[in-house]
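Asker: My structure is stored as my_file01.cif, with mmCIF, C-alpha atoms and all ligand atoms.
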data_start
loop_
_atom_site.group_PDB
_atom_site.id
_atom_site.type_symbol
_atom_site.label_atom_id
_atom_site.label_comp_id
_atom_site.auth_asym_id
_atom_site.auth_seq_id
_atom_site.Cartn_x
_atom_site.Cartn_y
_atom_site.Cartn_z
ATOM 1 C CA MET A 1 -51.905 34.055 8.962
ATOM 2 C CA LYS A 2 -54.245 31.137 8.431
ATOM 3 C CA PHE A 3 -56.758 31.241 11.230
ATOM 4 C CA VAL A 4 -58.228 34.570 12.248
ATOM 5 C CA ALA A 5 -60.920 35.239 14.849
ATOM 6 C CA PHE A 6 -63.366 38.100 14.204
ATOM 7 C CA LEU A 7 -65.012 39.203 17.419
ATOM 8 C CA THR A 8 -67.666 41.858 18.009
ATOM 9 C CA TYR A 9 -70.536 42.259 20.432
ATOM 10 C CA ASN A 10 -72.543 43.676 17.502
ATOM 11 C CA SER A 11 -73.267 41.697 14.338
ATOM 12 C CA ILE A 12 -70.791 41.255 11.488
ATOM 13 C CA GLY A 13 -72.630 42.921 8.617
ATOM 14 C CA LEU A 14 -76.317 43.286 9.361
ATOM 15 C CA ALA A 15 -77.867 40.693 11.674
ATOM 16 C CA GLY A 16 -78.156 37.381 9.858
ATOM 17 C CA ASN A 17 -75.679 38.246 7.072
ATOM 18 C CA VAL A 18 -72.918 35.999 8.354
ATOM 19 C CA LYS A 19 -73.127 32.734 10.274
ATOM 20 C CA SER A 20 -71.348 32.475 13.595
ATOM 21 C CA GLY A 21 -68.647 29.825 13.902
ATOM 22 C CA VAL A 22 -65.885 28.648 11.583
ATOM 23 C CA HIS A 23 -65.727 29.653 7.904
ATOM 24 C CA HIS A 24 -63.306 27.973 5.489
ATOM 25 C CA HIS A 25 -61.637 29.165 2.326
ATOM 26 C CA GLY A 26 -59.830 26.692 0.065
ATOM 27 C CA ALA A 27 -59.320 22.989 0.663
ATOM 28 C CA PRO A 28 -57.853 22.134 4.076
ATOM 29 C CA ARG A 29 -54.038 21.798 3.835
ATOM 30 C CA SER A 30 -53.947 23.603 0.470
ATOM 31 C CA LYS A 31 -51.606 26.576 0.154
ATOM 32 C CA ASP A 32 -54.416 29.109 0.294
ATOM 33 C CA ALA A 33 -56.383 27.397 3.049
ATOM 34 C CA ARG A 34 -57.751 29.933 5.500
ATOM 35 C CA LYS A 35 -60.130 29.762 8.403
ATOM 36 C CA ALA A 36 -62.135 32.497 10.069
ATOM 37 C CA LEU A 37 -63.854 32.155 13.411
ATOM 38 C CA VAL A 38 -66.865 34.456 13.582
ATOM 39 C CA LEU A 39 -67.843 35.507 17.086
ATOM 40 C CA GLN A 40 -70.674 38.021 16.976
ATOM 41 C CA ASN A 41 -73.714 39.018 19.020
ATOM 42 C CA THR A 42 -75.030 35.769 20.481
ATOM 43 C CA GLN A 43 -78.628 37.006 20.383
ATOM 44 C CA GLY A 44 -78.473 37.878 16.708
ATOM 45 C CA LYS A 45 -78.700 41.604 17.304
ATOM 46 C CA THR A 46 -77.070 44.126 14.996
ATOM 47 C CA TRP A 47 -76.489 46.350 18.025
ATOM 48 C CA ALA A 48 -75.734 44.816 21.407
ATOM 49 C CA THR A 49 -77.306 47.733 23.215
ATOM 50 C CA ALA A 50 -81.057 47.832 22.725
ATOM 51 C CA GLY A 51 -82.432 50.884 21.018
ATOM 52 C CA ARG A 52 -79.089 52.569 20.466
ATOM 53 C CA LYS A 53 -78.006 53.416 16.968
ATOM 54 C CA GLY A 54 -74.639 55.028 17.027
ATOM 55 C CA HIS A 55 -72.825 56.704 19.828
ATOM 56 C CA SER A 56 -74.495 60.067 19.936
ATOM 57 C CA GLY A 57 -75.624 59.811 23.558
ATOM 58 C CA PRO A 58 -73.551 59.131 26.646
ATOM 59 C CA ALA A 59 -72.801 55.483 27.357
ATOM 60 C CA SER A 60 -75.347 54.184 29.871
ATOM 61 C CA ASP A 61 -74.560 51.798 32.720
ATOM 62 C CA HIS A 62 -77.268 49.501 31.431
ATOM 63 C CA GLY A 63 -75.748 49.390 27.967
ATOM 64 C CA ALA A 64 -72.279 48.806 29.349
ATOM 65 C CA ALA A 65 -73.475 45.863 31.475
ATOM 66 C CA GLU A 66 -75.154 44.305 28.449
ATOM 67 C CA VAL A 67 -72.004 44.680 26.398
ATOM 68 C CA ARG A 68 -69.794 43.220 29.131
ATOM 69 C CA ALA A 69 -72.062 40.172 29.443
ATOM 70 C CA GLU A 70 -71.921 39.708 25.677
ATOM 71 C CA ILE A 71 -68.112 39.990 25.634
ATOM 72 C CA GLU A 72 -67.871 37.339 28.369
ATOM 73 C CA LYS A 73 -70.044 34.940 26.334
ATOM 74 C CA LEU A 74 -68.016 35.466 23.169
ATOM 75 C CA TRP A 75 -64.734 34.899 25.004
ATOM 76 C CA THR A 76 -65.984 31.621 26.442
ATOM 77 C CA LYS A 77 -66.504 30.518 22.832
ATOM 78 C CA LEU A 78 -63.124 31.857 21.737
ATOM 79 C CA GLU A 79 -61.257 30.034 24.539
ATOM 80 C CA LYS A 80 -61.898 26.696 22.815
ATOM 81 C CA HIS A 81 -59.940 27.852 19.750
ATOM 82 C CA ALA A 82 -57.578 30.438 21.213
ATOM 83 C CA SER A 83 -54.410 28.336 21.095
ATOM 84 C CA LYS A 84 -54.857 27.782 17.334
ATOM 85 C CA VAL A 85 -55.868 31.310 16.390
ATOM 86 C CA ASP A 86 -53.070 33.233 14.598
ATOM 87 C CA HIS A 87 -54.652 36.654 14.814
ATOM 88 C CA ILE A 88 -57.670 38.380 16.309
ATOM 89 C CA VAL A 89 -59.696 41.195 14.778
ATOM 90 C CA PHE A 90 -62.081 42.792 17.220
ATOM 91 C CA TYR A 91 -64.425 45.722 17.431
ATOM 92 C CA LEU A 92 -63.647 48.157 20.181
ATOM 93 C CA GLY A 93 -66.649 50.225 21.208
ATOM 94 C CA ARG A 94 -66.965 52.667 24.037
ATOM 95 C CA GLU A 95 -68.904 50.280 26.236
ATOM 96 C CA GLY A 96 -66.972 47.372 27.656
ATOM 97 C CA ALA A 97 -63.736 48.693 26.169
ATOM 98 C CA GLU A 98 -61.507 47.922 29.162
ATOM 99 C CA LEU A 99 -62.856 44.395 29.499
ATOM 100 C CA ALA A 100 -62.411 43.632 25.801
ATOM 101 C CA LEU A 101 -58.872 45.011 25.809
ATOM 102 C CA GLU A 102 -57.829 43.136 28.932
ATOM 103 C CA LYS A 103 -59.092 39.872 27.474
ATOM 104 C CA VAL A 104 -57.335 40.385 24.158
ATOM 105 C CA ALA A 105 -54.068 41.509 25.756
ATOM 106 C CA ALA A 106 -54.018 38.497 28.082
ATOM 107 C CA LYS A 107 -54.067 36.074 25.127
ATOM 108 C CA PHE A 108 -52.490 37.847 22.154
ATOM 109 C CA PRO A 109 -49.356 39.954 21.617
ATOM 110 C CA ALA A 110 -49.889 43.255 19.757
ATOM 111 C CA ASN A 111 -48.576 41.879 16.450
ATOM 112 C CA LYS A 112 -51.440 39.383 16.409
ATOM 113 C CA VAL A 113 -54.142 41.958 17.025
ATOM 114 C CA THR A 114 -56.214 44.232 14.782
ATOM 115 C CA ILE A 115 -58.465 46.755 16.514
ATOM 116 C CA VAL A 116 -61.494 48.125 14.680
ATOM 117 C CA SER A 117 -63.064 51.242 16.154
ATOM 118 C CA CYS A 118 -64.902 54.405 15.183
ATOM 119 C CA SER A 119 -63.691 57.856 16.112
ATOM 120 C CA CYS A 120 -66.047 58.296 19.120
ATOM 121 C CA GLY A 121 -64.082 58.650 22.333
ATOM 122 C CA ALA A 122 -60.870 58.139 20.376
ATOM 123 C CA GLY A 123 -58.668 59.686 23.076
ATOM 124 C CA LEU A 124 -60.007 57.371 25.771
ATOM 125 C CA LYS A 125 -59.728 54.356 23.512
ATOM 126 C CA ASP A 126 -56.106 55.236 22.711
ATOM 127 C CA MET A 127 -55.283 55.503 26.395
ATOM 128 C CA ALA A 128 -56.940 52.178 27.192
ATOM 129 C CA ILE A 129 -55.105 50.495 24.312
ATOM 130 C CA LYS A 130 -51.759 51.802 25.552
ATOM 131 C CA ALA A 131 -52.565 50.805 29.133
ATOM 132 C CA VAL A 132 -52.856 47.118 28.194
ATOM 133 C CA GLY A 133 -49.747 47.170 26.002
ATOM 134 C CA LEU A 134 -51.478 46.966 22.618
ATOM 135 C CA LYS A 135 -50.197 50.256 21.228
ATOM 136 C CA ALA A 136 -48.436 48.424 18.383
ATOM 137 C CA ALA A 137 -51.565 46.588 17.253
ATOM 138 C CA GLN A 138 -52.926 47.275 13.779
ATOM 139 C CA ARG A 139 -55.699 49.891 13.935
ATOM 140 C CA ILE A 140 -58.592 50.225 11.528
ATOM 141 C CA GLN A 141 -60.971 53.144 11.831
ATOM 142 C CA CYS A 142 -64.475 52.347 10.677
ATOM 143 C CA ARG A 143 -66.520 55.112 9.110
ATOM 144 C CA LYS A 144 -69.682 54.157 10.957
ATOM 145 C CA CYS A 145 -70.262 53.494 14.645
ATOM 146 C CA GLY A 146 -70.759 49.845 15.536
ATOM 147 C CA GLY A 147 -68.224 48.390 13.133
ATOM 148 C CA GLN A 148 -70.730 46.085 11.414
ATOM 149 C CA LEU A 149 -69.715 46.959 7.860
ATOM 150 C CA ALA A 150 -65.975 47.192 8.503
ATOM 151 C CA MET A 151 -65.929 43.825 10.291
ATOM 152 C CA HIS A 152 -67.864 42.320 7.385
ATOM 153 C CA GLU A 153 -65.470 43.746 4.815
ATOM 154 C CA LEU A 154 -62.458 42.538 6.808
ATOM 155 C CA LEU A 155 -63.901 39.032 7.080
ATOM 156 C CA ILE A 156 -64.721 38.736 3.362
ATOM 157 C CA ARG A 157 -61.357 40.154 2.282
ATOM 158 C CA PHE A 158 -59.445 37.863 4.610
ATOM 159 C CA LEU A 159 -61.251 34.773 3.319
ATOM 160 C CA GLU A 160 -60.814 35.825 -0.327
ATOM 161 C CA ASP A 161 -57.233 37.102 -0.385
ATOM 162 C CA GLY A 162 -55.789 36.680 3.090
ATOM 163 C CA GLU A 163 -55.440 40.396 3.834
ATOM 164 C CA LEU A 164 -56.779 42.432 6.706
ATOM 165 C CA ARG A 165 -57.739 45.837 5.370
ATOM 166 C CA VAL A 166 -60.797 47.888 4.452
ATOM 167 C CA GLU A 167 -61.443 50.122 1.480
ATOM 168 C CA PHE A 168 -65.110 50.966 1.769
ATOM 169 C CA SER A 169 -66.133 50.795 5.405
HETATM 170 ZN ZN ZN A 201 -68.912 55.969 17.096
#
Once more with this new file: its structure as structure tokens, please.

Answerer:
Amino acid sequence: MKFVAFLTYNSIGLAGNVKSGVHHHGAPRSKDARKALVLQNTQGKTWATAGRKGHSGPASDHGAAEVRAEIEKLWTKLEKHASKVDHIVFYLGREGAELALEKVAAKFPANKVTIVSCSCGAGLKDMAIKAVGLKAAQRIQCRKCGGQLAMHELLIRFLEDGELRVEFS
């Protein structure tokens, strides 16, 4: 696994922590060369849905539309690299879940997918994941809604040691 895409409609870490685009580790062509493609909120927001912190309220139609538009923008950026990407790590929230899953499943087999999600609506997320054939994908449960910290930890760990796992987030 040399080239991993990290995709979330929220920010990776807090807004401004991580630059969007390609990050390199090691000299190109060296044994430990790794690349990460960071695809995060295109407007620099920590949360894609304005004014919402966490998932305590019901998902609104407005929020879902915003998230879907954001997912579309991020996928347009990913398309340019998709054929070279070995693995995708993406945040699965409640809003836009079906769209995100359909897009991932259309491009990547389950063994090239890591799904980051919190426990909100876990039953529905599980069903949606199965429905698109990604049941065998690696799953990472983040402790906090939004996945900002877990995505950040995954990105840093991948660049440093090539592994996709979290200990703290
Ligand atoms: Zn949540």

Asker: Between CA of Lys19 (chain A) and CA of Glu153 (chain A), measure the distance and give it in Å to one decimal.

Answerer: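 For CA of Lys19 (chain A) relative to CA of Glu153 (chain A), the distance reads 14.5 Å.
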
Asker: Would you mind listing the residues within 10 Å of ligand ZN 201 (chain A), counting only C-alpha atoms and all ligand atoms, as a ChimeraX atom specification?

Answerer: /A:53-56,92-94,117-122,141-147

Asker: Please produce a file of those selected residues containing C-alpha atoms, as a compact mmCIF listing (two decimals), in the frame of the given file.

Answerer:
# COMPACT_ATOMS: atom_id res chain seq x y z
CA LYS A 53 -78.01 53.42 16.97
CA GLY A 54 -74.64 55.03 17.03
CA HIS A 55 -72.82 56.70 19.83
CA SER A 56 -74.50 60.07 19.94
CA LEU A 92 -63.65 48.16 20.18
CA GLY A 93 -66.65 50.22 21.21
CA ARG A 94 -66.96 52.67 24.04
CA SER A 117 -63.06 51.24 16.15
CA CYS A 118 -64.90 54.40 15.18
CA SER A 119 -63.69 57.86 16.11
CA CYS A 120 -66.05 58.30 19.12
CA GLY A 121 -64.08 58.65 22.33
CA ALA A 122 -60.87 58.14 20.38
CA GLN A 141 -60.97 53.14 11.83
CA CYS A 142 -64.47 52.35 10.68
CA ARG A 143 -66.52 55.11 9.11
CA LYS A 144 -69.68 54.16 10.96
CA CYS A 145 -70.26 53.49 14.64
CA GLY A 146 -70.76 49.84 15.54
CA GLY A 147 -68.22 48.39 13.13

Asker: Write out as a list of chain:residue names the residues lying within 7 Å of region 133-138 of chain A, counting all atoms listed in the file and excluding same-chain residues fewer than 6 positions away.

Answerer: A:Ala105, A:Ala110, A:Asn111, A:Val113, A:Thr114, A:Ile115

Asker: Nearest to Met151 (chain A): which of A:Ser83, A:Thr8, A:Asn17, A:Thr49 is it, counting all atoms listed in the file?

Answerer: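 Distance minimum relative to Met151 (chain A) lands on A:Thr8.
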
Asker: What's the separation between CA of Glu72 (chain A) and CA of Phe3 (chain A), in Å to one decimal place?

Answerer: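 These atoms are spaced 21.3 Å apart.
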
Asker: Can you pull out every residue within 6 Å of Ser11 (chain A), counting all atoms listed in the file, but drop anything in the same chain fewer than 4 positions away, and send it as a PDB file with C-alpha atoms, keeping the file's coordinate frame?

Answerer:
ATOM      1  CA  ALA A  15     -77.867  40.693  11.674  1.00  0.00           C
ATOM      2  CA  GLN A  40     -70.674  38.021  16.976  1.00  0.00           C
ATOM      3  CA  ASN A  41     -73.714  39.018  19.020  1.00  0.00           C
ATOM      4  CA  THR A  46     -77.070  44.126  14.996  1.00  0.00           C
ATOM      5  CA  GLN A 148     -70.730  46.085  11.414  1.00  0.00           C
TER       6      GLN A 148
END

Asker: Can you work out which one of A:Ile140, A:Val85, A:Val18, A:Leu78 has the shortest atom-to-atom distance to Gly44 (chain A), counting all atoms listed in the file?

Answerer: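 Under the stated criterion, the closest residue is A:Val18.
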
Asker: When distances are computed from all atoms listed in the file, which of A:His81, A:Tyr9, A:Gln43, A:Asp161 shows the smallest separation from Gly96 (chain A)?

Answerer: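 Selected residue with least distance to Gly96 (chain A): A:Tyr9.
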
Asker: Around all of region 119-135 of chain A's listed atoms, make the axis-aligned box with 5 Å on each side and tell me centre and edge lengths in Å to one decimal, as AutoDock Vina command-line options.

Answerer:
--center_x -57.9 --center_y 53.3 --center_z 22.6 --size_x 26.3 --size_y 22.7 --size_z 23.0

Asker: I'd like to know which of A:Leu155, A:Leu149, A:Ala100, A:Thr76 is closest to Val38 (chain A), using only C-alpha atoms.

Answerer: A:Leu155

Asker: What does the structure give for the distance between CA of Lys125 (chain A) and CA of Ala69 (chain A), in Å to one decimal?

Answerer: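 Atom-to-atom, CA of Lys125 (chain A) to CA of Ala69 (chain A), that is 19.7 Å.
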
Asker: Using all atoms listed in the file, which of the listed residues (A:Lys130, A:His25, A:Ala97, A:Val89) sits closest to Arg165 (chain A)?

Answerer: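 Checking each candidate against Arg165 (chain A), we get A:Val89 as the closest.
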
Asker: Using all atoms listed in the file, which of the listed residues (A:Val104, A:Ala65, A:Ala48, A:Leu159) sits closest to His24 (chain A)?

Answerer: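 Closest to His24 (chain A), using all atoms listed in the file: A:Leu159.
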
Asker: Distance cut-off 10 Å, centre (-52.6, 30.2, 15.2) in file coordinates, counting all atoms listed in the file: which residues qualify? Return them as a ChimeraX atom specification.

Answerer: /A:1-5,81-88,112

Asker: Would you fill the gaps in region 15-43 of chain A so it has N, CA and C atoms, then print it as an mmCIF file, in the frame of the given file?

Answerer:
data_model
loop_
_atom_site.group_PDB
_atom_site.id
_atom_site.type_symbol
_atom_site.label_atom_id
_atom_site.label_comp_id
_atom_site.auth_asym_id
_atom_site.auth_seq_id
_atom_site.Cartn_x
_atom_site.Cartn_y
_atom_site.Cartn_z
ATOM 1 N N ALA A 15 -77.524 41.949 10.987
ATOM 2 C CA ALA A 15 -77.867 40.693 11.674
ATOM 3 C C ALA A 15 -78.318 39.654 10.647
ATOM 4 N N GLY A 16 -77.760 38.467 10.749
ATOM 5 C CA GLY A 16 -78.156 37.381 9.858
ATOM 6 C C GLY A 16 -77.348 37.295 8.576
ATOM 7 N N ASN A 17 -76.494 38.280 8.296
ATOM 8 C CA ASN A 17 -75.679 38.246 7.072
ATOM 9 C C ASN A 17 -74.639 37.128 7.089
ATOM 10 N N VAL A 18 -74.059 36.908 8.238
ATOM 11 C CA VAL A 18 -72.918 35.999 8.354
ATOM 12 C C VAL A 18 -73.213 35.013 9.484
ATOM 13 N N LYS A 19 -72.917 33.747 9.233
ATOM 14 C CA LYS A 19 -73.127 32.734 10.274
ATOM 15 C C LYS A 19 -72.008 32.782 11.310
ATOM 16 N N SER A 20 -72.365 32.576 12.557
ATOM 17 C CA SER A 20 -71.348 32.475 13.595
ATOM 18 C C SER A 20 -70.626 31.139 13.437
ATOM 19 N N GLY A 21 -69.405 31.065 13.951
ATOM 20 C CA GLY A 21 -68.647 29.825 13.902
ATOM 21 C C GLY A 21 -67.552 29.884 12.857
ATOM 22 N N VAL A 22 -67.059 28.719 12.449
ATOM 23 C CA VAL A 22 -65.885 28.648 11.583
ATOM 24 C C VAL A 22 -66.277 28.703 10.103
ATOM 25 N N HIS A 23 -65.568 29.560 9.358
ATOM 26 C CA HIS A 23 -65.727 29.653 7.904
ATOM 27 C C HIS A 23 -64.417 29.211 7.259
ATOM 28 N N HIS A 24 -64.509 28.461 6.169
ATOM 29 C CA HIS A 24 -63.306 27.973 5.489
ATOM 30 C C HIS A 24 -63.164 28.606 4.115
ATOM 31 N N HIS A 25 -61.924 28.806 3.713
ATOM 32 C CA HIS A 25 -61.637 29.165 2.326
ATOM 33 C C HIS A 25 -60.585 28.187 1.821
ATOM 34 N N GLY A 26 -60.809 27.627 0.643
ATOM 35 C CA GLY A 26 -59.830 26.692 0.065
ATOM 36 C C GLY A 26 -59.891 25.342 0.752
ATOM 37 N N ALA A 27 -59.329 24.330 0.084
ATOM 38 C CA ALA A 27 -59.320 22.989 0.663
ATOM 39 C C ALA A 27 -58.382 22.963 1.860
ATOM 40 N N PRO A 28 -58.750 22.232 2.915
ATOM 41 C CA PRO A 28 -57.853 22.134 4.076
ATOM 42 C C PRO A 28 -56.479 21.639 3.609
ATOM 43 N N ARG A 29 -55.431 22.152 4.172
ATOM 44 C CA ARG A 29 -54.038 21.798 3.835
ATOM 45 C C ARG A 29 -53.565 22.359 2.495
ATOM 46 N N SER A 30 -54.433 22.983 1.702
ATOM 47 C CA SER A 30 -53.947 23.603 0.470
ATOM 48 C C SER A 30 -53.202 24.883 0.843
ATOM 49 N N LYS A 31 -52.450 25.416 -0.132
ATOM 50 C CA LYS A 31 -51.606 26.576 0.154
ATOM 51 C C LYS A 31 -52.427 27.794 0.578
ATOM 52 N N ASP A 32 -53.599 27.930 -0.021
ATOM 53 C CA ASP A 32 -54.416 29.109 0.294
ATOM 54 C C ASP A 32 -55.534 28.803 1.293
ATOM 55 N N ALA A 33 -55.363 27.725 2.049
ATOM 56 C CA ALA A 33 -56.383 27.397 3.049
ATOM 57 C C ALA A 33 -56.409 28.466 4.140
ATOM 58 N N ARG A 34 -57.593 28.952 4.422
ATOM 59 C CA ARG A 34 -57.751 29.933 5.500
ATOM 60 C C ARG A 34 -59.018 29.614 6.274
ATOM 61 N N LYS A 35 -58.963 29.960 7.558
ATOM 62 C CA LYS A 35 -60.130 29.762 8.403
ATOM 63 C C LYS A 35 -60.435 31.053 9.140
ATOM 64 N N ALA A 36 -61.720 31.339 9.269
ATOM 65 C CA ALA A 36 -62.135 32.497 10.069
ATOM 66 C C ALA A 36 -63.118 32.000 11.118
ATOM 67 N N LEU A 37 -62.914 32.474 12.332
ATOM 68 C CA LEU A 37 -63.854 32.155 13.411
ATOM 69 C C LEU A 37 -64.681 33.409 13.679
ATOM 70 N N VAL A 38 -65.977 33.308 13.408
ATOM 71 C CA VAL A 38 -66.865 34.456 13.582
ATOM 72 C C VAL A 38 -67.535 34.391 14.947
ATOM 73 N N LEU A 39 -67.240 35.390 15.760
ATOM 74 C CA LEU A 39 -67.843 35.507 17.086
ATOM 75 C C LEU A 39 -68.558 36.848 17.120
ATOM 76 N N GLN A 40 -69.885 36.786 17.021
ATOM 77 C CA GLN A 40 -70.674 38.021 16.976
ATOM 78 C C GLN A 40 -71.827 37.923 17.967
ATOM 79 N N ASN A 41 -72.634 38.956 18.025
ATOM 80 C CA ASN A 41 -73.714 39.018 19.020
ATOM 81 C C ASN A 41 -74.470 37.690 19.119
ATOM 82 N N THR A 42 -74.470 37.114 20.315
ATOM 83 C CA THR A 42 -75.030 35.769 20.481
ATOM 84 C C THR A 42 -76.554 35.765 20.393
ATOM 85 N N GLN A 43 -77.165 36.953 20.494
ATOM 86 C CA GLN A 43 -78.628 37.006 20.383
ATOM 87 C C GLN A 43 -79.071 37.440 18.993
#
